[in-house]
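Here's the structure, in structure tokens; my notes come after.
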Amino acid sequence: MNSPDGVLIIDKPAGWTSHDVVAKIRNLTRVRKVGHTGTLDPFATGVLPLTLGRATRLTNYFQASDKIYRGVMRFGFATDTYDVDGRPLGEDTRPELDRGRLEEIFGRYQGTLQQTLPPFSAKKFKGKPLYAYARAGVEVSPPTKEVTIHALELIAVDGCEAEFELSCSAGTYARSLAHDIGAEYGCGAHLVRLRRTKSGEFPIEAAVALGTGTGEGLEYHPRDFFLGHLLPLGSLLPEIPAIVISDGDRNKLLHGMDLNLLTSDWEAETLRLVDTSGDLVALGRRVQSFDPAVSQPARWVRVHPTVVLAGK
């Protein structure tokens with residue numbers, strides 16, 4: 001049986017880890033190579049793109065893409081995990097939120113900033129994941145990382161809860177954002193709901209559920225259902241300019257050889273190399289451009305293959 005290749009967008013249910021979903025899809029589709037393109041916390045739901053077969057070679061490209069979330073922050077107390085699954089770190093003050101004050105604080109959490117990683121996370125500190133220290137009761141100074149908040153919009157305020165929409169760079173922790181905003185507001189806060197509505201090029205509208213029903217009554221979709229929703233290799237990474245290559249050039253790529261190609265996208269650093277049928281053969285890095293006559297809109301470029309998808 002030939003292994004299907006492409007991306008399957010799953011609407012992750014609450015209570016599942018991202019690895020749980022990978023394992024289940026591997027079992028249901030009988031595809032050995034399955035990966036995910038960015039972890040969602042167990043309590044979170046929404047877009048979880050899975051790479052199947054040769055598409056797993058593109059995982060790093062998808063992991064680096066921007067994300068959009070819709071969520072709810074609950075003010076009144078913080079938790080040790082920064083979310084609803086954690087242990088409360090104080091009494092519940094149940095504040096009536098001031099929308100104007102919240103919008104002012106939200107405005108300060110946009111742009112490029114240093115974010116402190118939550119103590120219960122898989123990111124490593126001195127060779128160990130942060131959650132290992134937290135579970136052992138060992139206090140460490142968690143590292144920070146640079147993230148970019150493209151937009152943070154306050155959607156609604158209801159008592160001590162605030163609904164928001166977040167557009168951000170990969171690796172941004174929405175629960176750290178809730179924790180920090182709660183601290184600045186002065187009463188603590190944690191994340192109670194989070195739904196990823198877009199991951200890179202993959203929107204929630206294209207996502208499919210694991211099955212019908214919920215909990216113990218969940219009935220999983222059959223193999224053909226998932227394979228029927230698989231996005232083929234040729235449709236992926238549309239933001240990267242494409243060059244159609246010949247059969248001869250395709251064979252050269254299989255041997256790791258550089259190609260000299262004519263393209264109007266000669267300034268692009270990365271290029272998609274597709275065959276005449278539109279299938280994605282490889283991704284390549286431009287290593288050299290050759291100056292043409294001034295009147296010509298295209299240039300010859302030398303392209304080095306970085307990810308080869310053709311072949312086995």
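Residue numbering restarts at 1 for every chain of the structure tokens, chains are lettered A, B, ... in their displayed order, and ligands are numbered from 1 as they appear.
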
Checklist line | DSSP strand (DSSP E or B) residues within stretch 2-221 of chain A, as a PyMOL selection string | finding: chain A and resi 6-12+34-36+45-52+67-75+79+83+88+111-116+124-125+128-129+144-158+161-168+189-199+202-203+208+211-212+219-220

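Shell of A:Thr112 at 12 Å, with only C-alpha atoms counted and residues fewer than 5 places along the chain excluded, is Lys145, Glu146, Val147, Thr148, Ile149, His150, Ala151, Cys168, Ser169 and Thr172 of chain A.
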
Those residues you just picked out, can you put them in a file as a short mmCIF file (atom, residue, chain, number, x, y, z; two decimals), in the first residue's frame with N, CA and C atoms?
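Heads up, here's the output in again_6.cif:
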data_model
loop_
_atom_site.label_atom_id
_atom_site.label_comp_id
_atom_site.auth_asym_id
_atom_site.auth_seq_id
_atom_site.Cartn_x
_atom_site.Cartn_y
_atom_site.Cartn_z
N LYS A 145 11.52 34.27 25.91
CA LYS A 145 11.75 34.16 24.47
C LYS A 145 11.07 35.34 23.79
N GLU A 146 11.61 35.70 22.64
CA GLU A 146 11.05 36.81 21.87
C GLU A 146 9.88 36.30 21.04
N VAL A 147 8.73 36.94 21.18
CA VAL A 147 7.56 36.61 20.39
C VAL A 147 7.01 37.90 19.79
N THR A 148 6.14 37.73 18.81
CA THR A 148 5.51 38.89 18.18
C THR A 148 4.00 38.74 18.26
N ILE A 149 3.35 39.73 18.86
CA ILE A 149 1.90 39.79 18.92
C ILE A 149 1.45 40.73 17.80
N HIS A 150 0.88 40.17 16.75
CA HIS A 150 0.43 41.00 15.63
C HIS A 150 -0.82 41.78 16.00
N ALA A 151 -1.72 41.14 16.74
CA ALA A 151 -2.95 41.81 17.16
C ALA A 151 -3.50 41.10 18.39
N CYS A 168 -0.55 35.94 16.39
CA CYS A 168 0.80 35.97 16.95
C CYS A 168 1.76 35.08 16.18
N SER A 169 3.03 35.22 16.50
CA SER A 169 4.06 34.38 15.91
C SER A 169 4.04 33.00 16.53
N THR A 172 4.25 31.50 20.66
CA THR A 172 3.67 32.39 21.66
C THR A 172 2.76 31.59 22.59
#

Margin query: For A:Val47, find every residue with an atom within 7 Å (counting only C-alpha atoms), except residues of its own chain fewer than 2 positions away, and show them as a PyMOL selection string.
Written below: chain A and resi 9-12+49+196-199+203-204+207

Selection file, N, CA and C atoms, as a compact mmCIF listing (two decimals), in the first residue's frame:
# COMPACT_ATOMS: atom_id res chain seq x y z
N ILE A 9 -6.01 18.42 8.36
CA ILE A 9 -6.28 19.43 9.39
C ILE A 9 -7.35 18.88 10.33
N ILE A 10 -6.95 18.62 11.56
CA ILE A 10 -7.85 18.08 12.57
C ILE A 10 -8.33 19.21 13.48
N ASP A 11 -9.62 19.17 13.82
CA ASP A 11 -10.16 20.05 14.86
C ASP A 11 -9.99 19.31 16.18
N LYS A 12 -8.90 19.63 16.89
CA LYS A 12 -8.56 18.87 18.10
C LYS A 12 -9.61 19.08 19.19
N PRO A 49 -2.85 20.95 12.33
CA PRO A 49 -2.46 20.34 11.05
C PRO A 49 -1.51 19.17 11.28
N ARG A 196 -7.73 27.42 18.61
CA ARG A 196 -6.90 27.91 17.50
C ARG A 196 -7.75 27.90 16.24
N THR A 197 -7.91 29.08 15.64
CA THR A 197 -8.76 29.21 14.47
C THR A 197 -7.98 29.24 13.16
N LYS A 198 -6.67 29.41 13.26
CA LYS A 198 -5.85 29.38 12.05
C LYS A 198 -4.41 29.09 12.43
N SER A 199 -3.76 28.24 11.63
CA SER A 199 -2.34 27.96 11.79
C SER A 199 -1.69 28.09 10.42
N PRO A 203 -7.03 27.14 7.89
CA PRO A 203 -8.09 27.73 8.71
C PRO A 203 -8.97 26.68 9.36
N ILE A 204 -9.72 27.09 10.37
CA ILE A 204 -10.60 26.17 11.08
C ILE A 204 -11.68 25.63 10.14
N ALA A 207 -10.88 22.27 8.84
CA ALA A 207 -10.57 21.21 9.81
C ALA A 207 -11.71 20.21 9.92

Note to self: So, with only C-alpha atoms as the atoms that count, which of A:Gly15, A:Thr144, A:Gly35, A:Ser3 lies closest to A:Gln114?
What the structure shows: A:Thr144

Checklist line | Residue set, stretch 29-248 of chain A restricted to alpha helix (DSSP H), as number ranges by chain | finding: A: 29, 59-63, 99-107, 130-135, 174-185, 223-228, 247-248

Keeping N, CA and C atoms for every residue in the selection just given, could you write it to a file as a compact mmCIF listing (two decimals), in the first residue's frame?
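The file below, out.txt, is the result:
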# COMPACT_ATOMS: atom_id res chain seq x y z
N THR A 29 -5.67 5.71 10.03
CA THR A 29 -5.33 5.78 8.60
C THR A 29 -4.35 4.70 8.18
N THR A 59 7.40 19.68 7.89
CA THR A 59 6.87 20.06 9.20
C THR A 59 7.49 21.35 9.72
N ASN A 60 8.78 21.53 9.57
CA ASN A 60 9.44 22.73 10.11
C ASN A 60 8.91 24.01 9.48
N TYR A 61 8.52 23.95 8.21
CA TYR A 61 7.98 25.14 7.55
C TYR A 61 6.65 25.53 8.16
N PHE A 62 5.82 24.54 8.48
CA PHE A 62 4.51 24.83 9.05
C PHE A 62 4.62 25.25 10.51
N GLN A 63 5.57 24.67 11.25
CA GLN A 63 5.71 25.02 12.66
C GLN A 63 6.08 26.48 12.85
N ARG A 99 -13.71 47.47 31.13
CA ARG A 99 -13.32 47.24 29.74
C ARG A 99 -12.27 48.24 29.26
N GLY A 100 -12.44 49.50 29.59
CA GLY A 100 -11.49 50.51 29.15
C GLY A 100 -10.09 50.25 29.68
N ARG A 101 -10.00 49.86 30.95
CA ARG A 101 -8.69 49.57 31.54
C ARG A 101 -8.07 48.34 30.88
N LEU A 102 -8.91 47.32 30.61
CA LEU A 102 -8.40 46.12 29.96
C LEU A 102 -7.87 46.43 28.57
N GLU A 103 -8.61 47.23 27.81
CA GLU A 103 -8.16 47.57 26.46
C GLU A 103 -6.84 48.32 26.49
N GLU A 104 -6.66 49.16 27.51
CA GLU A 104 -5.40 49.88 27.66
C GLU A 104 -4.25 48.91 27.91
N ILE A 105 -4.48 47.91 28.78
CA ILE A 105 -3.45 46.90 29.07
C ILE A 105 -3.19 46.04 27.84
N PHE A 106 -4.25 45.62 27.16
CA PHE A 106 -4.09 44.83 25.94
C PHE A 106 -3.19 45.54 24.94
N GLY A 107 -3.36 46.85 24.84
CA GLY A 107 -2.57 47.63 23.89
C GLY A 107 -1.08 47.57 24.15
N LEU A 130 10.73 22.29 31.66
CA LEU A 130 10.32 23.12 32.79
C LEU A 130 9.31 22.41 33.68
N TYR A 131 8.42 21.60 33.09
CA TYR A 131 7.41 20.95 33.92
C TYR A 131 8.03 19.96 34.92
N ALA A 132 9.22 19.43 34.61
CA ALA A 132 9.89 18.51 35.53
C ALA A 132 10.28 19.24 36.82
N TYR A 133 10.76 20.48 36.69
CA TYR A 133 11.08 21.27 37.88
C TYR A 133 9.80 21.60 38.65
N ALA A 134 8.75 22.00 37.91
CA ALA A 134 7.50 22.42 38.56
C ALA A 134 6.87 21.27 39.33
N ARG A 135 6.86 20.08 38.73
CA ARG A 135 6.25 18.93 39.40
C ARG A 135 7.02 18.51 40.64
N ALA A 174 -0.37 31.68 24.83
CA ALA A 174 -1.56 32.46 25.19
C ALA A 174 -1.78 32.45 26.69
N ARG A 175 -1.44 31.34 27.35
CA ARG A 175 -1.65 31.28 28.80
C ARG A 175 -0.67 32.18 29.56
N SER A 176 0.55 32.35 29.03
CA SER A 176 1.47 33.31 29.64
C SER A 176 0.93 34.73 29.48
N LEU A 177 0.32 34.97 28.33
CA LEU A 177 -0.27 36.29 28.08
C LEU A 177 -1.37 36.57 29.09
N ALA A 178 -2.24 35.57 29.32
CA ALA A 178 -3.32 35.75 30.30
C ALA A 178 -2.74 35.98 31.70
N HIS A 179 -1.71 35.23 32.07
CA HIS A 179 -1.09 35.36 33.39
C HIS A 179 -0.50 36.75 33.57
N ASP A 180 0.23 37.22 32.57
CA ASP A 180 0.89 38.53 32.67
C ASP A 180 -0.13 39.67 32.71
N ILE A 181 -1.17 39.56 31.90
CA ILE A 181 -2.20 40.61 31.88
C ILE A 181 -2.94 40.63 33.21
N GLY A 182 -3.21 39.44 33.77
CA GLY A 182 -3.86 39.38 35.08
C GLY A 182 -3.03 40.01 36.17
N ALA A 183 -1.73 39.77 36.12
CA ALA A 183 -0.83 40.37 37.11
C ALA A 183 -0.84 41.89 36.98
N GLU A 184 -0.84 42.38 35.74
CA GLU A 184 -0.84 43.83 35.52
C GLU A 184 -2.16 44.45 35.94
N TYR A 185 -3.25 43.70 35.75
CA TYR A 185 -4.56 44.22 36.16
C TYR A 185 -4.66 44.28 37.68
N ARG A 223 -11.04 5.33 7.68
CA ARG A 223 -9.80 5.71 7.00
C ARG A 223 -10.08 6.56 5.76
N ASP A 224 -11.04 6.14 4.94
CA ASP A 224 -11.30 6.85 3.69
C ASP A 224 -11.77 8.28 3.92
N PHE A 225 -12.45 8.52 5.04
CA PHE A 225 -12.89 9.88 5.35
C PHE A 225 -11.69 10.80 5.50
N PHE A 226 -10.71 10.38 6.29
CA PHE A 226 -9.53 11.22 6.53
C PHE A 226 -8.71 11.39 5.26
N LEU A 227 -8.51 10.31 4.51
CA LEU A 227 -7.72 10.42 3.28
C LEU A 227 -8.43 11.29 2.25
N GLY A 228 -9.76 11.33 2.31
CA GLY A 228 -10.51 12.19 1.40
C GLY A 228 -10.37 13.67 1.72
N ASP A 247 11.19 17.04 -16.67
CA ASP A 247 11.46 15.70 -16.15
C ASP A 247 12.95 15.50 -15.90
N GLY A 248 13.78 16.10 -16.77
CA GLY A 248 15.23 15.99 -16.59
C GLY A 248 15.69 16.67 -15.31

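Proximity ranking of A:Pro305, A:Pro297, A:Thr276, A:Glu269 relative to A:Gly256 places A:Pro305 first, based on only C-alpha atoms.
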
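When only C-alpha atoms are used to compute distances to A:Arg193, the closest of the residues A:Glu161, A:Glu216, A:Asp92, A:Glu153 turns out to be A:Glu161.
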
Notebook entry, point to check: In Å to one decimal, how far is atom CA of A:Phe164 from atom CA of A:Thr51?
Noted result: 29.1 Å

Item checked: Nearest candidate to A:Ala209 (options A:Val34, A:Val307, A:Val281, A:Leu48; using only C-alpha atoms) -> A:Leu48

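Residues in contact with A:Asp158 at 10 Å, where only C-alpha atoms are counted and same-chain residues fewer than 2 positions away are skipped, are listed as Arg74, Glu96, Leu97, Arg99, Ala156, Cys160, Glu161, Ala162 and Glu163 of chain A.
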
Check: For A:Ile245, which of A:Gly278, A:Pro232, A:Pro118, A:Gly213 is the closest residue, counting only C-alpha atoms?
Finding: A:Gly278

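Among the candidate residues A:Val308, A:Asn251, A:His229, A:Thr37, the one lying nearest to A:Val22 is A:Thr37, with distances computed using only C-alpha atoms.
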
Margin query: Could you list, as number ranges by chain, every residue within 10 Å of A:Phe43, counting only C-alpha atoms and ignoring same-chain residues fewer than 3 positions away?
Written below: A: 12-17, 40, 83-85, 191-195

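The spacing separating atom CA of A:Leu237 from atom CA of A:Leu113 amounts to 27.4 Å.
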